[in-house]
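Enquirer: Sending over coords-v7.cif (mmCIF, C-alpha atoms).
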data_data
loop_
_atom_site.label_atom_id
_atom_site.label_comp_id
_atom_site.auth_asym_id
_atom_site.auth_seq_id
_atom_site.Cartn_x
_atom_site.Cartn_y
_atom_site.Cartn_z
CA MET F 1 -25.39 47.83 3.41
CA ALA F 2 -25.30 44.11 3.20
CA GLU F 3 -23.96 42.79 -0.05
CA THR F 4 -25.93 39.95 -1.53
CA LEU F 5 -24.84 37.58 -4.21
CA THR F 6 -26.67 37.56 -7.48
CA GLU F 7 -28.13 34.33 -8.80
CA THR F 8 -25.27 34.05 -11.30
CA GLU F 9 -22.66 34.37 -8.54
CA LYS F 10 -24.48 31.81 -6.41
CA SER F 11 -24.67 29.44 -9.35
CA PHE F 12 -20.96 29.90 -10.12
CA THR F 13 -20.02 29.29 -6.47
CA LEU F 14 -22.09 26.11 -6.29
CA SER F 15 -20.59 24.93 -9.58
CA MET F 16 -17.06 25.45 -8.25
CA LEU F 17 -17.89 23.62 -5.01
CA SER F 18 -19.28 20.64 -6.91
CA MET F 19 -16.15 20.54 -9.10
CA ALA F 20 -13.94 20.61 -6.01
CA ASP F 21 -15.96 17.74 -4.54
CA THR F 22 -15.57 15.80 -7.78
CA ILE F 23 -11.81 16.35 -7.71
CA ILE F 24 -11.65 14.97 -4.17
CA VAL F 25 -13.67 11.89 -5.15
CA VAL F 26 -11.40 11.27 -8.16
CA VAL F 27 -8.26 11.63 -6.03
CA ARG F 28 -9.65 9.12 -3.52
CA LEU F 29 -10.52 6.64 -6.27
CA VAL F 30 -7.09 6.98 -7.87
CA SER F 31 -5.48 6.47 -4.45
CA LEU F 32 -7.49 3.28 -3.94
CA VAL F 33 -6.48 1.98 -7.38
CA ILE F 34 -2.83 2.74 -6.61
CA ILE F 35 -3.04 0.80 -3.33
CA VAL F 36 -4.57 -2.19 -5.14
CA ILE F 37 -1.81 -2.07 -7.77
CA ILE F 38 0.87 -1.87 -5.08
CA ALA F 39 -0.71 -4.86 -3.32
CA ALA F 40 -0.65 -6.83 -6.59
CA VAL F 41 3.01 -5.98 -7.17
CA ALA F 42 3.91 -6.91 -3.59
CA ALA F 43 1.98 -10.19 -3.88
CA ASN F 44 3.79 -10.99 -7.11
CA THR F 45 7.15 -10.24 -5.48
CA MET F 46 6.36 -12.46 -2.52
CA ALA F 47 5.09 -15.24 -4.80
CA MET F 48 8.31 -15.14 -6.85
CA THR F 49 10.58 -15.09 -3.81
CA SER F 50 8.78 -17.97 -2.12
CA ARG F 51 8.72 -19.99 -5.36
CA GLU F 52 12.47 -19.50 -5.70
CA ARG F 53 13.01 -20.71 -2.14
CA ILE F 54 10.81 -23.82 -2.13
CA GLY F 55 13.94 -25.94 -1.76
CA GLU F 56 15.05 -23.91 1.24
CA PHE F 57 11.65 -24.34 2.87
CA ALA F 58 11.86 -28.09 2.26
CA VAL F 59 15.27 -28.18 3.96
CA LEU F 60 13.85 -26.21 6.89
CA LYS F 61 10.99 -28.72 7.16
CA THR F 62 13.56 -31.54 7.08
CA LEU F 63 15.39 -29.88 9.98
CA GLY F 64 12.17 -29.81 11.99
CA PHE F 65 10.76 -26.35 11.34
CA GLY F 66 7.00 -26.45 11.34
CA GLY F 67 4.61 -24.79 8.97
CA LEU F 68 3.91 -21.97 11.41
CA ARG F 69 7.60 -21.04 11.61
CA ILE F 70 7.96 -21.05 7.83
CA GLY F 71 4.76 -19.02 7.54
CA ALA F 72 6.09 -16.56 10.11
CA LEU F 73 9.29 -16.17 8.07
CA ILE F 74 7.33 -15.38 4.91
CA PHE F 75 4.94 -13.01 6.70
CA GLY F 76 7.87 -11.32 8.43
CA GLU F 77 9.70 -10.79 5.15
CA SER F 78 6.59 -9.39 3.51
CA LEU F 79 5.92 -7.03 6.41
CA VAL F 80 9.52 -5.81 6.50
CA ILE F 81 9.45 -5.04 2.78
CA SER F 82 6.08 -3.28 2.90
CA ILE F 83 6.79 -1.32 6.10
CA ALA F 84 10.19 -0.23 4.74
CA GLY F 85 8.43 1.13 1.66
CA THR F 86 5.84 2.79 3.88
CA ILE F 87 8.56 4.48 5.94
CA PHE F 88 10.24 5.86 2.81
CA GLY F 89 6.86 7.03 1.54
CA ALA F 90 6.01 8.70 4.85
CA ILE F 91 9.37 10.47 4.91
CA ALA F 92 8.81 11.71 1.36
CA THR F 93 5.24 12.86 2.09
CA TYR F 94 6.10 16.16 3.73
CA PRO F 95 8.58 17.41 1.11
CA ALA F 96 6.16 16.33 -1.65
CA ALA F 97 3.31 18.13 0.08
CA SER F 98 5.45 21.23 0.42
CA LEU F 99 6.25 21.20 -3.30
CA PHE F 100 2.58 20.61 -4.10
CA ARG F 101 1.60 23.54 -1.90
CA GLN F 102 4.30 25.71 -3.50
CA PHE F 103 3.26 25.02 -7.10
CA LEU F 104 -0.49 24.57 -6.70
CA GLY F 105 -1.16 26.60 -3.57
CA GLY F 106 -3.39 29.02 -5.44
CA ILE F 107 -5.67 26.23 -6.60
CA PHE F 108 -5.65 24.09 -3.43
CA PRO F 109 -4.84 26.49 -0.57
CA PRO F 110 -5.95 24.30 2.35
CA PHE F 111 -3.63 21.42 1.38
CA VAL F 112 -2.24 20.03 4.66
CA VAL F 113 -0.98 16.54 5.52
CA LEU F 114 -2.60 15.39 8.74
CA THR F 115 -0.91 13.09 11.22
CA ARG F 116 -3.89 10.77 10.81
CA THR F 117 -2.96 10.41 7.13
CA VAL F 118 0.51 9.14 8.02
CA TYR F 119 -1.02 6.64 10.47
CA LEU F 120 -3.36 5.44 7.74
CA ASP F 121 -0.32 5.05 5.47
CA PHE F 122 1.19 2.64 7.96
CA VAL F 123 -2.08 0.72 8.30
CA ALA F 124 -2.30 0.44 4.50
CA GLY F 125 1.36 -0.65 4.29
CA ALA F 126 0.90 -3.36 6.91
CA THR F 127 -2.31 -4.53 5.21
CA VAL F 128 -0.54 -4.77 1.87
CA GLY F 129 2.25 -6.78 3.53
CA VAL F 130 -0.18 -9.22 5.12
CA VAL F 131 -2.31 -9.66 2.00
CA ALA F 132 0.77 -10.15 -0.17
CA ALA F 133 2.01 -12.97 2.07
CA ILE F 134 -1.18 -15.05 2.32
CA VAL F 135 -0.93 -17.13 -0.89
CA PRO F 136 2.87 -17.69 -0.79
CA THR F 137 2.60 -18.79 2.84
CA TRP F 138 -0.23 -21.19 2.05
CA ARG F 139 1.70 -22.69 -0.87
CA SER F 140 4.99 -22.98 1.07
CA ILE F 141 3.39 -24.60 4.09
CA GLY F 142 1.55 -27.12 1.93
CA ILE F 143 4.54 -28.37 -0.06
CA ARG F 144 5.85 -31.81 0.84
CA ILE F 145 9.52 -32.22 1.70
CA ALA F 146 10.22 -34.60 -1.21
CA ASP F 147 8.59 -32.23 -3.72
CA GLY F 148 10.57 -29.30 -2.38
CA LEU F 149 13.89 -31.15 -2.43
CA ARG F 150 13.21 -32.31 -6.00
CA ARG F 151 13.33 -28.67 -7.13
CA ILE F 152 16.91 -28.19 -5.90
CA GLY F 153 19.54 -28.05 -8.62
#
What does the file become when written as structure tokens?
Expert:
Amino acid sequence: MAETLTETEKSFTLSMLSMADTIIVVVRLVSLVIIVIIAAVAANTMAMTSRERIGEFAVLKTLGFGGLRIGALIFGESLVISIAGTIFGAIATYPAASLFRQFLGGIFPPFVVLTRTVYLDFVAGATVGVVAAIVPTWRSIGIRIADGLRRIG
């Protein structure tokens, strides 16, 4: 005896599957919005720190540092900050996923963090670091020594 689903059961199952798909789409959109917000905060942080150090960059230019070296310093700082945040986030991922599985395991039973997800976290972190450093680097490289030294004191 093969059990068959009634039309009502089929309809209910399809409705639940479409709701689950909608939840996944919403989670992905929210994740994308969060990444954009984090990139904006990181860009603001880098803009403030480079604006505060315009005088230092002018002194470095006076000592013979070129624009590429100054740009590398700004990019390096931005990458260190963003990758450090990514490392802390990746470390916290597994305990957070465990808690999520513990409290909501009945609703989302197949919740597993893939290794690929952690790799994508690092790619996103590095991308945020690079994007956040573009405008401050451009502004710091373009400042003239006299204008930068005028801001000191």
Enquirer: Record the distance separating atom CA of Asn44 of chain F and atom CA of Thr137 of chain F, expressed in Å with one decimal.
Expert: 12.7 Å
Enquirer: Contacts of Gly71 of chain F at 9 Å or less, counting all atoms listed in the file, minus same-chain residues fewer than 6 places along, as a list in words?
Expert: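 Once the adjacent positions are removed, what remains is Ala133, Ile134, Pro136, Thr137, Trp138, Ser140 and Ile141 of chain F.
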Enquirer: If we count all atoms listed in the file, what is near Arg139 of chain F at a cut-off of 12 Å, once residues fewer than 6 positions away on the same chain are taken out, given as a VMD selection string?
Expert: chain F and resid 46 to 48 50 to 51 53 to 54 57 to 58 67 70 to 71 74 133 148
Enquirer: Just how far from atom CA of Ile143 of chain F is atom CA of Leu63 of chain F, in Å to one decimal?
Expert: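 About the pair atom CA of Leu63 of chain F and atom CA of Ile143 of chain F: they are 14.9 Å apart.
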Enquirer: Check the smallest atom-to-atom distance from each of F:Ala43, F:Val30, F:Val118, F:Leu149 to Leu79 of chain F using only C-alpha atoms, then report the winner.
Expert: F:Ala43
Enquirer: Taking into account all atoms listed in the file, which residue in the set F:Ser11, F:Thr127, F:Thr62, F:Ser98 is nearest to Arg144 of chain F?
Expert: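 Using all atoms listed in the file, Arg144 of chain F sits closest to F:Thr62.
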Enquirer: Find the spatial neighbours of Val131 of chain F, counting only C-alpha atoms, within a cut-off of 9 Å - ignore same-chain residues fewer than 5 positions away - and output them as a PyMOL selection string.
Expert: chain F and resi 39+42-43+126
Enquirer: Could you state the separation of atom CA of Phe100 of chain F and atom CA of Leu120 of chain F in Å, given to one decimal place?
Expert: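 These atoms are spaced 20.1 Å apart.
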Enquirer: For each of F:Thr13, F:Thr115, F:Ser31, F:Thr45, take the minimum atom-to-atom distance to Thr93 of chain F, counting all atoms listed in the file, then give the residue where this is smallest.
Expert: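 For Thr93 of chain F, the nearest of the given residues is F:Thr115.
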Enquirer: Of the residues F:Met19, F:Val123, F:Val26, F:Leu14, which is the one nearest to Ile83 of chain F, using all atoms listed in the file?
Expert: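 The closest residue to Ile83 of chain F is F:Val123.
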Enquirer: Could you tell me which residues the PyMOL selection byres ((chain F and resi 111) around 12) returns for this structure, as a list in words?
Expert: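 Answer for the PyMOL selection byres ((chain F and resi 111) around 12): Ile24, Tyr94, Ala96, Ala97, Ser98, Leu99, Phe100, Arg101, Gln102, Phe103, Leu104, Gly105, Gly106, Ile107, Phe108, Pro109, Pro110, Val112, Val113 and Leu114 of chain F.
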Enquirer: Tell me which of F:Gly142, F:Gly64, F:Gly55, F:Gly125 sits closest to Ile87 of chain F, counting only C-alpha atoms.
Expert: F:Gly125
Enquirer: Using all atoms listed in the file, which of the listed residues (F:Ile145, F:Leu73, F:Ser15, F:Arg151) sits closest to Lys61 of chain F?
Expert: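 Counting all atoms listed in the file, the residue closest to Lys61 of chain F is F:Ile145.
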Enquirer: Is there a way to get, as a count of residues only, all residues within 8 Å of the point (-5.3, 4.3, 0.7) in file coordinates, counting only C-alpha atoms?
Expert: 8
Enquirer: Output segment 15-34 of chain F as a short mmCIF file (atom, residue, chain, number, x, y, z; two decimals), in the frame of the given file, making sure N, CA and C atoms are there.
Expert:
data_model
loop_
_atom_site.label_atom_id
_atom_site.label_comp_id
_atom_site.auth_asym_id
_atom_site.auth_seq_id
_atom_site.Cartn_x
_atom_site.Cartn_y
_atom_site.Cartn_z
N SER F 15 -21.26 25.70 -8.54
CA SER F 15 -20.59 24.93 -9.58
C SER F 15 -19.14 24.64 -9.19
N MET F 16 -18.46 25.64 -8.66
CA MET F 16 -17.06 25.45 -8.25
C MET F 16 -16.97 24.47 -7.08
N LEU F 17 -17.90 24.55 -6.14
CA LEU F 17 -17.89 23.62 -5.01
C LEU F 17 -18.13 22.19 -5.48
N SER F 18 -19.03 22.00 -6.42
CA SER F 18 -19.28 20.64 -6.91
C SER F 18 -18.07 20.11 -7.67
N MET F 19 -17.37 20.98 -8.41
CA MET F 19 -16.15 20.54 -9.10
C MET F 19 -15.07 20.17 -8.10
N ALA F 20 -14.94 20.93 -7.03
CA ALA F 20 -13.94 20.61 -6.01
C ALA F 20 -14.27 19.28 -5.36
N ASP F 21 -15.55 19.01 -5.11
CA ASP F 21 -15.96 17.74 -4.54
C ASP F 21 -15.66 16.60 -5.50
N THR F 22 -15.87 16.82 -6.77
CA THR F 22 -15.57 15.80 -7.78
C THR F 22 -14.08 15.51 -7.83
N ILE F 23 -13.26 16.53 -7.72
CA ILE F 23 -11.81 16.35 -7.71
C ILE F 23 -11.39 15.50 -6.52
N ILE F 24 -11.98 15.75 -5.37
CA ILE F 24 -11.65 14.97 -4.17
C ILE F 24 -12.05 13.51 -4.35
N VAL F 25 -13.23 13.26 -4.91
CA VAL F 25 -13.67 11.89 -5.15
C VAL F 25 -12.73 11.18 -6.12
N VAL F 26 -12.31 11.87 -7.18
CA VAL F 26 -11.40 11.27 -8.16
C VAL F 26 -10.04 10.96 -7.52
N VAL F 27 -9.54 11.86 -6.70
CA VAL F 27 -8.26 11.63 -6.03
C VAL F 27 -8.35 10.42 -5.11
N ARG F 28 -9.47 10.28 -4.40
CA ARG F 28 -9.65 9.12 -3.52
C ARG F 28 -9.72 7.82 -4.32
N LEU F 29 -10.43 7.84 -5.44
CA LEU F 29 -10.52 6.64 -6.27
C LEU F 29 -9.16 6.26 -6.85
N VAL F 30 -8.42 7.24 -7.33
CA VAL F 30 -7.09 6.98 -7.87
C VAL F 30 -6.18 6.43 -6.77
N SER F 31 -6.29 6.97 -5.58
CA SER F 31 -5.48 6.47 -4.45
C SER F 31 -5.80 5.01 -4.15
N LEU F 32 -7.08 4.67 -4.19
CA LEU F 32 -7.49 3.28 -3.94
C LEU F 32 -6.95 2.36 -5.03
N VAL F 33 -7.01 2.79 -6.27
CA VAL F 33 -6.48 1.98 -7.38
C VAL F 33 -4.98 1.79 -7.22
N ILE F 34 -4.28 2.84 -6.81
CA ILE F 34 -2.83 2.74 -6.61
C ILE F 34 -2.51 1.74 -5.50
#
